[in-house]
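Here's data35.cif, which has mmCIF, C-alpha atoms:
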```cif
data_query
#
loop_
_atom_site.group_PDB
_atom_site.id
_atom_site.type_symbol
_atom_site.label_atom_id
_atom_site.label_comp_id
_atom_site.auth_asym_id
_atom_site.auth_seq_id
_atom_site.Cartn_x
_atom_site.Cartn_y
_atom_site.Cartn_z
ATOM 1 C CA MET A 1 0.000 0.000 0.000
ATOM 2 C CA VAL A 2 0.912 3.658 -0.204
ATOM 3 C CA VAL A 3 1.857 4.630 3.327
ATOM 4 C CA ALA A 4 1.246 8.139 4.603
ATOM 5 C CA GLU A 5 1.190 9.960 7.911
ATOM 6 C CA GLN A 6 -0.649 13.013 9.093
ATOM 7 C CA LYS A 7 1.126 16.339 8.917
ATOM 8 C CA PRO A 8 1.702 18.082 12.241
ATOM 9 C CA LEU A 9 -1.545 19.662 13.415
ATOM 10 C CA SER A 10 0.106 23.084 13.640
ATOM 11 C CA GLU A 11 0.998 22.921 9.928
ATOM 12 C CA ILE A 12 -2.547 21.899 8.982
ATOM 13 C CA LEU A 13 -4.113 24.642 11.115
ATOM 14 C CA GLU A 14 -1.878 27.243 9.506
ATOM 15 C CA MET A 15 -2.711 26.029 5.978
ATOM 16 C CA VAL A 16 -6.470 26.229 6.369
ATOM 17 C CA GLN A 17 -6.549 29.204 8.734
ATOM 18 C CA PRO A 18 -7.757 31.787 6.161
ATOM 19 C CA TYR A 19 -10.687 29.637 5.041
ATOM 20 C CA LYS A 20 -14.058 29.563 6.785
ATOM 21 C CA LYS A 21 -15.862 26.613 5.277
ATOM 22 C CA ILE A 22 -13.675 23.542 5.181
ATOM 23 C CA LEU A 23 -14.276 20.035 3.845
ATOM 24 C CA VAL A 24 -12.083 17.271 5.233
ATOM 25 C CA ALA A 25 -11.928 14.548 2.580
ATOM 26 C CA GLY A 26 -10.701 11.052 3.400
ATOM 27 C CA CYS A 27 -10.048 7.998 1.257
ATOM 28 C CA LYS A 28 -11.076 4.382 1.846
ATOM 29 C CA GLY A 29 -8.001 3.042 0.043
ATOM 30 C CA CYS A 30 -4.420 2.662 1.243
ATOM 31 C CA VAL A 31 -4.560 5.483 3.788
ATOM 32 C CA THR A 32 -7.433 3.771 5.596
ATOM 33 C CA VAL A 33 -5.282 0.662 5.968
ATOM 34 C CA CYS A 34 -2.310 2.633 7.303
ATOM 35 C CA ASN A 35 -4.615 4.564 9.682
ATOM 36 C CA ALA A 36 -3.777 7.958 8.228
ATOM 37 C CA GLY A 37 -6.731 9.109 6.152
ATOM 38 C CA GLY A 38 -9.811 6.882 6.452
ATOM 39 C CA LYS A 39 -13.264 7.707 7.841
ATOM 40 C CA LYS A 40 -12.048 7.518 11.425
ATOM 41 C CA GLU A 41 -9.152 9.896 10.834
ATOM 42 C CA VAL A 42 -11.493 12.269 8.973
ATOM 43 C CA GLU A 43 -13.756 12.399 12.048
ATOM 44 C CA ILE A 44 -10.830 13.069 14.362
ATOM 45 C CA LEU A 45 -9.188 15.725 12.189
ATOM 46 C CA ALA A 46 -12.495 17.504 11.563
ATOM 47 C CA ALA A 47 -13.176 17.542 15.324
ATOM 48 C CA GLU A 48 -9.682 18.960 15.922
ATOM 49 C CA LEU A 49 -10.296 21.763 13.429
ATOM 50 C CA ARG A 50 -13.682 22.558 14.962
ATOM 51 C CA ILE A 51 -12.219 22.635 18.479
ATOM 52 C CA ALA A 52 -9.401 24.928 17.286
ATOM 53 C CA ARG A 53 -11.930 27.332 15.778
ATOM 54 C CA LYS A 54 -14.362 27.261 18.672
ATOM 55 C CA LYS A 55 -11.468 27.966 21.013
ATOM 56 C CA GLU A 56 -10.900 31.196 19.089
ATOM 57 C CA GLY A 57 -14.602 32.032 19.317
ATOM 58 C CA MET A 58 -15.198 31.212 15.644
ATOM 59 C CA GLU A 59 -17.835 29.012 14.081
ATOM 60 C CA GLY A 60 -16.433 25.547 13.392
ATOM 61 C CA ASP A 61 -17.859 25.046 9.908
ATOM 62 C CA VAL A 62 -15.957 21.878 9.057
ATOM 63 C CA ARG A 63 -17.688 19.066 7.150
ATOM 64 C CA GLU A 64 -16.575 15.519 6.482
ATOM 65 C CA ILE A 65 -16.605 13.097 3.578
ATOM 66 C CA THR A 66 -14.726 9.887 2.844
ATOM 67 C CA LEU A 67 -14.554 8.730 -0.774
ATOM 68 C CA GLU A 68 -14.160 5.155 -1.965
ATOM 69 C CA ARG A 69 -10.898 6.323 -3.491
ATOM 70 C CA GLN A 70 -9.419 9.675 -4.384
ATOM 71 C CA CYS A 71 -7.344 8.298 -7.256
ATOM 72 C CA ASP A 72 -10.162 7.521 -9.714
ATOM 73 C CA PRO A 73 -12.109 10.128 -11.697
ATOM 74 C CA GLU A 74 -15.462 8.393 -11.109
ATOM 75 C CA TYR A 75 -15.127 8.696 -7.354
ATOM 76 C CA MET A 76 -14.302 12.390 -7.654
ATOM 77 C CA GLU A 77 -17.945 12.848 -8.703
ATOM 78 C CA GLN A 78 -18.954 12.017 -5.132
ATOM 79 C CA LEU A 79 -17.317 15.299 -4.138
ATOM 80 C CA GLU A 80 -19.429 17.528 -6.421
ATOM 81 C CA GLU A 81 -22.233 18.146 -3.926
ATOM 82 C CA ALA A 82 -20.110 18.260 -0.783
ATOM 83 C CA ILE A 83 -17.549 20.692 -2.175
ATOM 84 C CA ARG A 84 -20.006 23.206 -3.635
ATOM 85 C CA ASP A 85 -20.273 25.692 -0.747
ATOM 86 C CA ARG A 86 -16.805 25.009 0.694
ATOM 87 C CA ASP A 87 -13.947 27.507 0.618
ATOM 88 C CA ALA A 88 -11.227 24.862 0.835
ATOM 89 C CA VAL A 89 -10.716 21.105 0.894
ATOM 90 C CA LEU A 90 -8.297 19.374 3.224
ATOM 91 C CA SER A 91 -7.579 16.011 1.627
ATOM 92 C CA ILE A 92 -6.157 13.247 3.772
ATOM 93 C CA ALA A 93 -5.594 10.821 0.923
ATOM 94 C CA CYS A 94 -2.066 10.182 -0.346
ATOM 95 C CA SER A 95 -0.876 13.109 -2.451
ATOM 96 C CA VAL A 96 -2.707 11.722 -5.486
ATOM 97 C CA GLY A 97 -6.021 12.726 -3.883
ATOM 98 C CA PRO A 98 -5.447 16.466 -3.501
ATOM 99 C CA GLN A 99 -4.019 16.528 -7.023
ATOM 100 C CA TYR A 100 -7.181 14.928 -8.430
ATOM 101 C CA ILE A 101 -9.267 17.467 -6.521
ATOM 102 C CA ALA A 102 -7.104 20.327 -7.800
ATOM 103 C CA GLY A 103 -7.465 19.018 -11.356
ATOM 104 C CA ARG A 104 -11.236 18.707 -11.217
ATOM 105 C CA PHE A 105 -12.380 21.591 -9.034
ATOM 106 C CA LEU A 106 -10.551 24.491 -10.603
ATOM 107 C CA ASP A 107 -11.876 27.241 -8.322
ATOM 108 C CA LYS A 108 -11.359 25.419 -5.022
ATOM 109 C CA MET A 109 -8.325 25.607 -2.776
ATOM 110 C CA VAL A 110 -7.028 22.175 -1.808
ATOM 111 C CA PHE A 111 -4.532 21.276 0.891
ATOM 112 C CA PRO A 112 -2.729 18.003 1.701
ATOM 113 C CA GLY A 113 -3.311 16.871 5.267
ATOM 114 C CA LEU A 114 -0.862 13.993 4.939
ATOM 115 C CA ASN A 115 2.756 13.459 4.057
ATOM 116 C CA THR A 116 2.941 10.530 1.640
ATOM 117 C CA THR A 117 5.931 8.554 2.792
ATOM 118 C CA PHE A 118 6.486 5.268 0.923
ATOM 119 C CA ILE A 119 5.163 2.053 -0.609
ATOM 120 C CA GLY A 120 5.238 -0.481 2.161
ATOM 121 C CA GLY A 121 3.460 -2.826 4.487
ATOM 122 C CA SER A 122 2.713 -3.249 8.173
ATOM 123 C CA LEU A 123 5.170 -5.079 10.426
ATOM 124 C CA GLU A 124 2.719 -5.065 13.320
ATOM 125 C CA HIS A 125 -0.332 -3.002 14.229
ATOM 126 C CA GLY A 126 0.748 0.615 13.997
ATOM 127 C CA VAL A 127 4.200 -0.032 12.499
ATOM 128 C CA PHE A 128 4.786 0.377 8.765
ATOM 129 C CA ALA A 129 7.951 -0.110 6.738
ATOM 130 C CA GLU A 130 9.148 0.595 3.225
ATOM 131 C CA PHE A 131 9.362 -2.355 0.854
ATOM 132 C CA CYS A 132 9.249 -0.915 -2.661
ATOM 133 C CA GLN A 133 10.581 2.136 -4.427
ATOM 134 C CA ALA A 134 8.556 1.659 -7.634
ATOM 135 C CA CYS A 135 11.641 1.442 -9.855
ATOM 136 C CA GLY A 136 9.416 0.085 -12.617
ATOM 137 C CA ALA A 137 11.468 -3.063 -13.354
ATOM 138 C CA CYS A 138 11.178 -5.529 -10.495
ATOM 139 C CA GLY A 139 14.203 -7.762 -10.062
ATOM 140 C CA ILE A 140 13.741 -9.084 -6.553
ATOM 141 C CA HIS A 141 13.941 -12.686 -7.827
ATOM 142 C CA ASN A 142 17.674 -12.039 -8.214
ATOM 143 C CA PHE A 143 17.889 -11.255 -4.507
ATOM 144 C CA GLY A 144 15.933 -14.009 -2.826
ATOM 145 C CA GLY A 145 12.680 -12.104 -3.174
ATOM 146 C CA LEU A 146 13.920 -9.113 -1.171
ATOM 147 C CA CYS A 147 14.403 -5.634 -2.597
ATOM 148 C CA PRO A 148 17.845 -4.091 -2.117
ATOM 149 C CA ILE A 149 16.752 -0.880 -3.821
ATOM 150 C CA ALA A 150 14.086 -0.044 -1.252
ATOM 151 C CA ARG A 151 15.536 -1.809 1.760
ATOM 152 C CA CYS A 152 19.273 -1.116 1.526
ATOM 153 C CA SER A 153 20.117 2.381 2.755
ATOM 154 C CA LYS A 154 22.422 2.808 -0.234
ATOM 155 C CA SER A 155 20.198 0.884 -2.677
ATOM 156 C CA LEU A 156 23.226 -1.297 -3.419
ATOM 157 C CA LEU A 157 22.755 -4.013 -6.024
ATOM 158 C CA ASN A 158 26.032 -5.666 -4.995
ATOM 159 C CA GLY A 159 26.021 -5.460 -1.218
ATOM 160 C CA PRO A 160 26.607 -5.707 1.593
ATOM 161 C CA CYS A 161 28.816 -2.706 2.237
ATOM 162 C CA GLY A 162 31.214 -2.260 5.136
ATOM 163 C CA GLY A 163 28.437 -0.735 7.195
ATOM 164 C CA SER A 164 26.752 -4.081 7.730
ATOM 165 C CA SER A 165 27.324 -5.367 11.254
ATOM 166 C CA ARG A 166 25.641 -8.297 12.997
ATOM 167 C CA GLY A 167 22.784 -8.183 10.516
ATOM 168 C CA LYS A 168 22.093 -4.500 11.054
ATOM 169 C CA CYS A 169 22.723 -1.424 8.941
ATOM 170 C CA GLU A 170 25.118 1.208 10.221
ATOM 171 C CA ILE A 171 22.447 3.904 10.011
ATOM 172 C CA SER A 172 20.471 2.392 12.909
ATOM 173 C CA LYS A 173 20.307 -0.695 15.066
ATOM 174 C CA GLU A 174 16.622 -0.768 14.182
ATOM 175 C CA VAL A 175 17.330 -1.266 10.461
ATOM 176 C CA ASP A 176 18.081 -4.740 9.144
ATOM 177 C CA CYS A 177 20.866 -5.015 6.590
ATOM 178 C CA VAL A 178 18.837 -6.343 3.672
ATOM 179 C CA TRP A 179 22.001 -7.787 2.146
ATOM 180 C CA GLN A 180 22.424 -9.944 5.246
ATOM 181 C CA LEU A 181 18.825 -11.065 4.776
ATOM 182 C CA ILE A 182 19.464 -11.723 1.084
ATOM 183 C CA TYR A 183 22.543 -13.854 1.801
ATOM 184 C CA ASP A 184 20.778 -15.729 4.606
ATOM 185 C CA ARG A 185 17.795 -16.464 2.427
ATOM 186 C CA MET A 186 19.721 -17.444 -0.710
ATOM 187 C CA SER A 187 21.917 -19.677 1.378
ATOM 188 C CA ARG A 188 18.850 -21.360 2.850
ATOM 189 C CA LEU A 189 17.402 -21.806 -0.632
ATOM 190 C CA GLY A 190 20.711 -23.274 -1.881
ATOM 191 C CA GLN A 191 20.949 -20.508 -4.458
ATOM 192 C CA MET A 192 24.129 -18.694 -3.439
ATOM 193 C CA ASP A 193 25.518 -19.336 -6.913
ATOM 194 C CA ARG A 194 22.911 -16.944 -8.316
ATOM 195 C CA LEU A 195 24.752 -14.109 -6.605
ATOM 196 C CA THR A 196 27.850 -14.803 -8.691
ATOM 197 C CA ARG A 197 26.024 -14.178 -11.954
ATOM 198 C CA VAL A 198 26.883 -10.972 -13.737
ATOM 199 C CA ILE A 199 23.755 -8.888 -14.145
ATOM 200 C CA PRO A 200 23.781 -5.956 -16.612
ATOM 201 C CA CYS A 201 23.552 -2.446 -15.238
ATOM 202 C CA LYS A 202 20.030 -1.575 -14.143
ATOM 203 C CA ASP A 203 18.059 0.507 -16.599
ATOM 204 C CA TRP A 204 16.723 3.352 -14.470
ATOM 205 C CA THR A 205 14.642 4.876 -17.261
ATOM 206 C CA THR A 206 11.689 2.849 -15.937
ATOM 207 C CA SER A 207 12.116 4.653 -12.643
ATOM 208 C CA ARG A 208 11.818 8.408 -12.090
ATOM 209 C CA ASP A 209 14.830 8.995 -14.346
ATOM 210 C CA GLY A 210 12.529 8.584 -17.346
ATOM 211 C CA GLY A 211 10.216 11.396 -16.208
ATOM 212 C CA PRO A 212 6.616 11.052 -14.953
ATOM 213 C CA ARG A 213 5.331 7.583 -15.734
ATOM 214 C CA LYS A 214 2.110 6.349 -17.235
ATOM 215 C CA THR A 215 0.672 2.872 -17.714
ATOM 216 C CA ILE A 216 -1.763 2.290 -20.548
ATOM 217 C CA ARG A 217 -3.853 -0.870 -20.757
ATOM 218 C CA GLU A 218 -5.388 -0.873 -24.216
ATOM 219 C CA ASP A 219 -7.518 -3.907 -23.335
ATOM 220 C CA LEU A 220 -9.272 -1.914 -20.637
ATOM 221 C CA ARG A 221 -9.737 1.375 -22.443
ATOM 222 C CA LEU A 222 -13.180 2.247 -23.771
ATOM 223 C CA MET B 1 -22.492 2.790 27.000
ATOM 224 C CA VAL B 2 -19.287 0.856 26.328
ATOM 225 C CA PRO B 3 -18.466 -2.705 27.429
ATOM 226 C CA CYS B 4 -14.845 -1.859 28.201
ATOM 227 C CA THR B 5 -12.606 1.219 28.105
ATOM 228 C CA GLY B 6 -10.992 -0.488 25.103
ATOM 229 C CA ARG B 7 -14.032 0.695 23.132
ATOM 230 C CA VAL B 8 -13.399 4.333 24.079
ATOM 231 C CA ASP B 9 -11.829 6.014 21.099
ATOM 232 C CA VAL B 10 -10.080 9.316 20.461
ATOM 233 C CA ILE B 11 -13.163 10.699 18.719
ATOM 234 C CA HIS B 12 -15.376 10.079 21.781
ATOM 235 C CA LEU B 13 -13.112 12.200 23.975
ATOM 236 C CA LEU B 14 -12.735 14.888 21.298
ATOM 237 C CA GLU B 15 -16.503 15.072 20.793
ATOM 238 C CA ALA B 16 -16.953 15.785 24.497
ATOM 239 C CA ILE B 17 -14.341 18.559 24.329
ATOM 240 C CA GLU B 18 -15.887 19.916 21.128
ATOM 241 C CA GLU B 19 -19.321 20.052 22.773
ATOM 242 C CA GLY B 20 -17.848 22.151 25.545
ATOM 243 C CA ALA B 21 -16.872 19.699 28.297
ATOM 244 C CA ASP B 22 -14.347 21.321 30.653
ATOM 245 C CA GLY B 23 -12.760 17.950 31.358
ATOM 246 C CA VAL B 24 -13.175 14.259 30.561
ATOM 247 C CA TYR B 25 -11.803 11.270 32.408
ATOM 248 C CA VAL B 26 -11.811 7.612 31.563
ATOM 249 C CA ALA B 27 -12.113 5.183 34.476
ATOM 250 C CA GLY B 28 -10.847 1.766 33.480
ATOM 251 C CA CYS B 29 -10.161 -1.469 35.325
ATOM 252 C CA LEU B 30 -6.839 -1.930 37.071
ATOM 253 C CA GLU B 31 -3.966 -2.606 34.695
ATOM 254 C CA GLY B 32 -3.458 -6.340 34.316
ATOM 255 C CA ASP B 33 -7.095 -6.960 35.247
ATOM 256 C CA CYS B 34 -8.837 -6.248 31.940
ATOM 257 C CA HIS B 35 -11.496 -8.847 31.093
ATOM 258 C CA TYR B 36 -10.676 -8.197 27.435
ATOM 259 C CA ILE B 37 -6.936 -8.562 28.078
ATOM 260 C CA SER B 38 -5.706 -5.120 27.028
ATOM 261 C CA GLY B 39 -8.701 -2.777 26.682
ATOM 262 C CA ASN B 40 -7.603 -0.460 29.498
ATOM 263 C CA LEU B 41 -4.053 -0.273 28.101
ATOM 264 C CA LYS B 42 -5.423 0.732 24.695
ATOM 265 C CA ALA B 43 -7.636 3.334 26.368
ATOM 266 C CA ARG B 44 -4.615 4.818 28.143
ATOM 267 C CA LYS B 45 -2.773 5.193 24.826
ATOM 268 C CA ARG B 46 -5.789 6.926 23.306
ATOM 269 C CA VAL B 47 -6.047 9.275 26.272
ATOM 270 C CA GLU B 48 -2.354 10.077 25.803
ATOM 271 C CA ARG B 49 -3.017 10.857 22.141
ATOM 272 C CA VAL B 50 -5.880 13.193 23.056
ATOM 273 C CA LYS B 51 -3.624 14.929 25.601
ATOM 274 C CA LYS B 52 -1.130 15.576 22.793
ATOM 275 C CA ILE B 53 -3.919 16.850 20.522
ATOM 276 C CA LEU B 54 -5.156 19.245 23.220
ATOM 277 C CA SER B 55 -1.619 20.566 23.724
ATOM 278 C CA ASP B 56 -1.248 21.065 19.966
ATOM 279 C CA LEU B 57 -4.525 22.983 19.990
ATOM 280 C CA GLY B 58 -3.348 25.212 22.834
ATOM 281 C CA LEU B 59 -5.628 23.621 25.458
ATOM 282 C CA GLU B 60 -4.502 22.129 28.764
ATOM 283 C CA ALA B 61 -3.620 18.433 28.396
ATOM 284 C CA GLU B 62 -4.892 17.880 31.967
ATOM 285 C CA ARG B 63 -8.455 18.308 30.765
ATOM 286 C CA VAL B 64 -8.405 14.604 29.848
ATOM 287 C CA GLU B 65 -7.213 11.899 32.208
ATOM 288 C CA MET B 66 -7.130 8.134 32.555
ATOM 289 C CA TYR B 67 -7.704 6.461 35.913
ATOM 290 C CA ASN B 68 -7.598 2.783 36.843
ATOM 291 C CA LEU B 69 -9.605 1.224 39.624
ATOM 292 C CA SER B 70 -11.648 -1.898 40.261
ATOM 293 C CA ALA B 71 -15.439 -2.057 40.503
ATOM 294 C CA ALA B 72 -15.050 -2.828 44.218
ATOM 295 C CA GLN B 73 -13.246 0.461 44.961
ATOM 296 C CA GLY B 74 -16.207 2.758 45.577
ATOM 297 C CA PRO B 75 -14.354 5.164 47.895
ATOM 298 C CA ARG B 76 -11.502 5.431 45.382
ATOM 299 C CA PHE B 77 -14.046 6.224 42.645
ATOM 300 C CA ALA B 78 -15.394 9.083 44.738
ATOM 301 C CA GLU B 79 -11.856 10.268 45.466
ATOM 302 C CA ILE B 80 -10.982 10.301 41.749
ATOM 303 C CA ALA B 81 -14.192 12.193 40.932
ATOM 304 C CA ARG B 82 -13.334 14.831 43.566
ATOM 305 C CA GLU B 83 -9.714 15.017 42.382
ATOM 306 C CA MET B 84 -10.708 15.519 38.748
ATOM 307 C CA THR B 85 -13.422 18.040 39.620
ATOM 308 C CA GLU B 86 -10.938 20.040 41.703
ATOM 309 C CA LYS B 87 -8.354 19.960 38.930
ATOM 310 C CA ILE B 88 -10.832 21.162 36.315
ATOM 311 C CA LYS B 89 -12.154 23.889 38.636
ATOM 312 C CA ASN B 90 -8.607 25.173 38.985
ATOM 313 C CA LEU B 91 -8.127 25.157 35.204
ATOM 314 C CA GLY B 92 -11.363 27.090 34.725
ATOM 315 C CA PRO B 93 -13.922 26.732 31.947
ATOM 316 C CA SER B 94 -12.807 25.396 28.579
ATOM 317 C CA PRO B 95 -12.419 28.215 26.045
ATOM 318 C CA VAL B 96 -14.318 25.968 23.624
ATOM 319 C CA ARG B 97 -17.413 26.030 25.864
ATOM 320 C CA ALA B 98 -18.583 29.586 25.180
ATOM 321 C CA THR B 99 -18.640 29.037 21.407
ATOM 322 C CA ALA B 100 -20.125 25.556 21.748
ATOM 323 C CA LYS B 101 -22.970 26.962 23.895
ATOM 324 C CA ALA B 102 -23.695 29.832 21.534
ATOM 325 C CA ALA B 103 -23.936 27.525 18.505
#
```

Would you mind writing the structure in this file as structure tokens?
Amino acid sequence: MVVAEQKPLSEILEMVQPYKKILVAGCKGCVTVCNAGGKKEVEILAAELRIARKKEGMEGDVREITLERQCDPEYMEQLEEAIRDRDAVLSIACSVGPQYIAGRFLDKMVFPGLNTTFIGGSLEHGVFAEFCQACGACGIHNFGGLCPIARCSKSLLNGPCGGSSRGKCEISKEVDCVWQLIYDRMSRLGQMDRLTRVIPCKDWTTSRDGGPRKTIREDLRL
Amino acid sequence: MVPCTGRVDVIHLLEAIEEGADGVYVAGCLEGDCHYISGNLKARKRVERVKKILSDLGLEAERVEMYNLSAAQGPRFAEIAREMTEKIKNLGPSPVRATAKAA
């Protein structure tokens, strides 16, 4: 999933401060799963904004909506009614959401309530970690099914480096050295010889180096 | 009505504050004695989160509290109620209350 976390409340309050009628818009996709921008977080953030305004003696005109997704044009339609009399929208989807809102509702101010952090998964309830950097050409089968690009601090394709110690990365005792994990796993699988193969340089044009990316599925287009 | 403090969520405490409550406290079972294993520990974490939210909003974090006591501790319950009431009296009315009342 796309993992995100809420911006500091002070930053959010400052962003929306000039606007009277606010709509807090959540998303039932990834950000619901990582507890950053689903219906529950919409309720909490909207209550926080209302409390902040009431504390200053102002009317807390903050409404709430949570869309199925904020990254599909058809779900943007659900916003039409709710956004009409609003001065600004505070989207707590990943950063795709506020960009869709900005693209569709040309005369509305939109603010991101979240910082989109990475593509990852949960390690335990409330703990999320990065697993993928969306390089656009997955090669984890060469590394025992583990990604050295996302999970090695240096994104080394020929690790480990000298900073690997007792299975941990030198940047933190909390960070596993993925190259240790790769060697352990390939050894267990009896595939250490695969690490001796010469692999051509990685073509990074499928990653961000090739500019903004687009996927087109002709079989799905109408 | 909740079956356990583990059902008390951040939004419940915030709604009380938003509606103008001067203070809110959660009275859970003694730690280690939760019939649902960890409900009271979860409640404590949520109370801590609300305290942080109140601080971020410029309100006193002491307006929300978590207490632990057993159902057999009637006198302690009364003591906690008096303690919380005294604390909130000293803090004075919530600045949210005037606006909440007017609305």

Output check: residues returned by the PyMOL selection byres ((chain B) within 6 of (chain A)), as a PyMOL selection string: chain B and resi 11+18+57+95-96+99

For those residues, write C-alpha atoms to a file as a compact mmCIF listing (two decimals), in the coordinates of the input.
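What landed in out25.txt:
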```txt
# COMPACT_ATOMS: atom_id res chain seq x y z
CA ILE B 11 -13.16 10.70 18.72
CA GLU B 18 -15.89 19.92 21.13
CA LEU B 57 -4.53 22.98 19.99
CA PRO B 95 -12.42 28.22 26.04
CA VAL B 96 -14.32 25.97 23.62
CA THR B 99 -18.64 29.04 21.41
```

Hey, can you check how far atom CA of B:Val10 sits from atom CA of A:Cys71? 27.9 Å

Please write the residues picked by the PyMOL selection byres ((chain A and resi 164) around 12) on this file as a list in words. Cys152, Ser153, Lys154, Gly159, Pro160, Cys161, Gly162, Gly163, Ser165, Arg166, Gly167, Lys168, Cys169, Glu170, Ile171, Ser172, Lys173, Val175, Asp176, Cys177, Val178, Trp179, Gln180 and Leu181 of chain A

Tell me, in Å to one decimal, how far atom CA of B:Thr5 is from atom CA of B:Cys29. 8.1 Å

Evaluating the PyMOL selection byres ((chain A and resi 83) around 10) on the displayed file yields which residues, as a ChimeraX atom specification? /A:21-25,63,65,78-82,84-89,101,105,108

Counting only C-alpha atoms, figure out which residue out of A:Ala102, A:Leu220, A:Cys94, A:Met15 gets nearest to A:Thr32.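 Of A:Ala102, A:Leu220, A:Cys94, A:Met15, the one nearest A:Thr32 is A:Cys94, counting only C-alpha atoms.
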
To one decimal place, how far is atom CA of A:Lys7 from atom CA of A:Leu114 in Å? 5.0 Å

Return the single residue from B:Ala81, B:Lys87, B:Ala71, B:Ala61 that is closest to B:Asp33, with distances computed using all atoms listed in the file. B:Ala71

Restricting the calculation to all atoms listed in the file, which member of B:Gly58, B:Pro75, B:Gly23, B:Gly6 is positioned closest to B:Ala43?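 Going through B:Gly58, B:Pro75, B:Gly23, B:Gly6 one by one, the smallest distance to B:Ala43 is for B:Gly6.
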
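Of the residues listed (B:Leu30, B:Cys4, B:Ala16, B:Ala98), B:Leu30 shows the shortest atom-to-atom separation from B:Gln73; distances use all atoms listed in the file.
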
Surrounding residues of stretch 134-149 of chain A excluding itself and chain neighbours under 5 positions, 9 Å, all atoms listed in the file, as JSON, numbers by chain: {"A": [119, 154, 155, 156, 157, 158, 159, 178, 179, 181, 182, 183, 185, 186, 189, 191, 194, 195, 202, 203, 204, 205, 206, 207, 208]}

Within 8 Å of B:Gly92 using only C-alpha atoms, minus same-chain residues under 3 positions, as a PyMOL selection string: chain B and resi 22+88-89

Would you put the residues from that selection into a file with C-alpha atoms, as a short mmCIF file (atom, residue, chain, number, x, y, z; two decimals), in the coordinates of the input?
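Below you can see selection36.cif, which holds the result:
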```cif
data_model
loop_
_atom_site.label_atom_id
_atom_site.label_comp_id
_atom_site.auth_asym_id
_atom_site.auth_seq_id
_atom_site.Cartn_x
_atom_site.Cartn_y
_atom_site.Cartn_z
CA ASP B 22 -14.35 21.32 30.65
CA ILE B 88 -10.83 21.16 36.32
CA LYS B 89 -12.15 23.89 38.64
#
```

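Environment of (-4.4, 16.1, 32.1): residues at most 9 Å away, judged by only C-alpha atoms, are Gly23, Tyr25, Glu48, Lys51, Glu60, Ala61, Glu62, Arg63, Val64, Glu65, Met66 and Lys87 of chain B.
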
List as an mmCIF file with C-alpha atoms, in the coordinates of the input the protein and nucleic acid residues near B:Pro3, meaning an atom at most 12 Å away when all atoms listed in the file are counted, but skip any in the same chain fewer than 3 places from it.
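The resulting selection36.cif:
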```cif
data_model
loop_
_atom_site.group_PDB
_atom_site.id
_atom_site.type_symbol
_atom_site.label_atom_id
_atom_site.label_comp_id
_atom_site.auth_asym_id
_atom_site.auth_seq_id
_atom_site.Cartn_x
_atom_site.Cartn_y
_atom_site.Cartn_z
ATOM 1 C CA GLY B 6 -10.992 -0.488 25.103
ATOM 2 C CA ARG B 7 -14.032 0.695 23.132
ATOM 3 C CA VAL B 8 -13.399 4.333 24.079
ATOM 4 C CA GLY B 28 -10.847 1.766 33.480
ATOM 5 C CA CYS B 29 -10.161 -1.469 35.325
ATOM 6 C CA CYS B 34 -8.837 -6.248 31.940
ATOM 7 C CA HIS B 35 -11.496 -8.847 31.093
ATOM 8 C CA TYR B 36 -10.676 -8.197 27.435
ATOM 9 C CA GLY B 39 -8.701 -2.777 26.682
ATOM 10 C CA ASN B 40 -7.603 -0.460 29.498
#
```

Min atom-atom distance to A:Glu74 from the set A:Phe111, A:Phe118, A:Tyr100, A:Tyr19, counting all atoms listed in the file, belongs to A:Tyr100

Choose the residue, out of A:Gly120, A:Gly38, A:Gly210, A:Gly29, that has the smallest atom-to-atom separation from A:Val96; count only C-alpha atoms.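 Among the listed residues, A:Gly29 lies closest to A:Val96.
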
Would you fill out stretch 167-174 of chain A with N, CA and C atoms and return it as a PDB file, in the coordinates of the input?
```pdb
ATOM      1  N   GLY A 167      24.111  -8.153  11.147  1.00  0.00           N
ATOM      2  CA  GLY A 167      22.784  -8.183  10.516  1.00  0.00           C
ATOM      3  C   GLY A 167      22.070  -6.840  10.485  1.00  0.00           C
ATOM      4  N   LYS A 168      22.741  -5.818  11.025  1.00  0.00           N
ATOM      5  CA  LYS A 168      22.093  -4.500  11.054  1.00  0.00           C
ATOM      6  C   LYS A 168      22.856  -3.507  10.187  1.00  0.00           C
ATOM      7  N   CYS A 169      22.134  -2.476   9.767  1.00  0.00           N
ATOM      8  CA  CYS A 169      22.723  -1.424   8.941  1.00  0.00           C
ATOM      9  C   CYS A 169      23.361  -0.375   9.856  1.00  0.00           C
ATOM     10  N   GLU A 170      24.430   0.233   9.371  1.00  0.00           N
ATOM     11  CA  GLU A 170      25.118   1.208  10.221  1.00  0.00           C
ATOM     12  C   GLU A 170      24.282   2.449  10.531  1.00  0.00           C
ATOM     13  N   ILE A 171      23.225   2.673   9.747  1.00  0.00           N
ATOM     14  CA  ILE A 171      22.447   3.904  10.011  1.00  0.00           C
ATOM     15  C   ILE A 171      21.635   3.799  11.298  1.00  0.00           C
ATOM     16  N   SER A 172      21.275   2.566  11.691  1.00  0.00           N
ATOM     17  CA  SER A 172      20.471   2.392  12.909  1.00  0.00           C
ATOM     18  C   SER A 172      20.429   0.916  13.296  1.00  0.00           C
ATOM     19  N   LYS A 173      20.423   0.693  14.588  1.00  0.00           N
ATOM     20  CA  LYS A 173      20.307  -0.695  15.066  1.00  0.00           C
ATOM     21  C   LYS A 173      18.910  -1.250  14.797  1.00  0.00           C
ATOM     22  N   GLU A 174      18.005  -0.361  14.465  1.00  0.00           N
ATOM     23  CA  GLU A 174      16.622  -0.768  14.182  1.00  0.00           C
ATOM     24  C   GLU A 174      16.464  -1.245  12.735  1.00  0.00           C
TER      25      GLU A 174
END
```
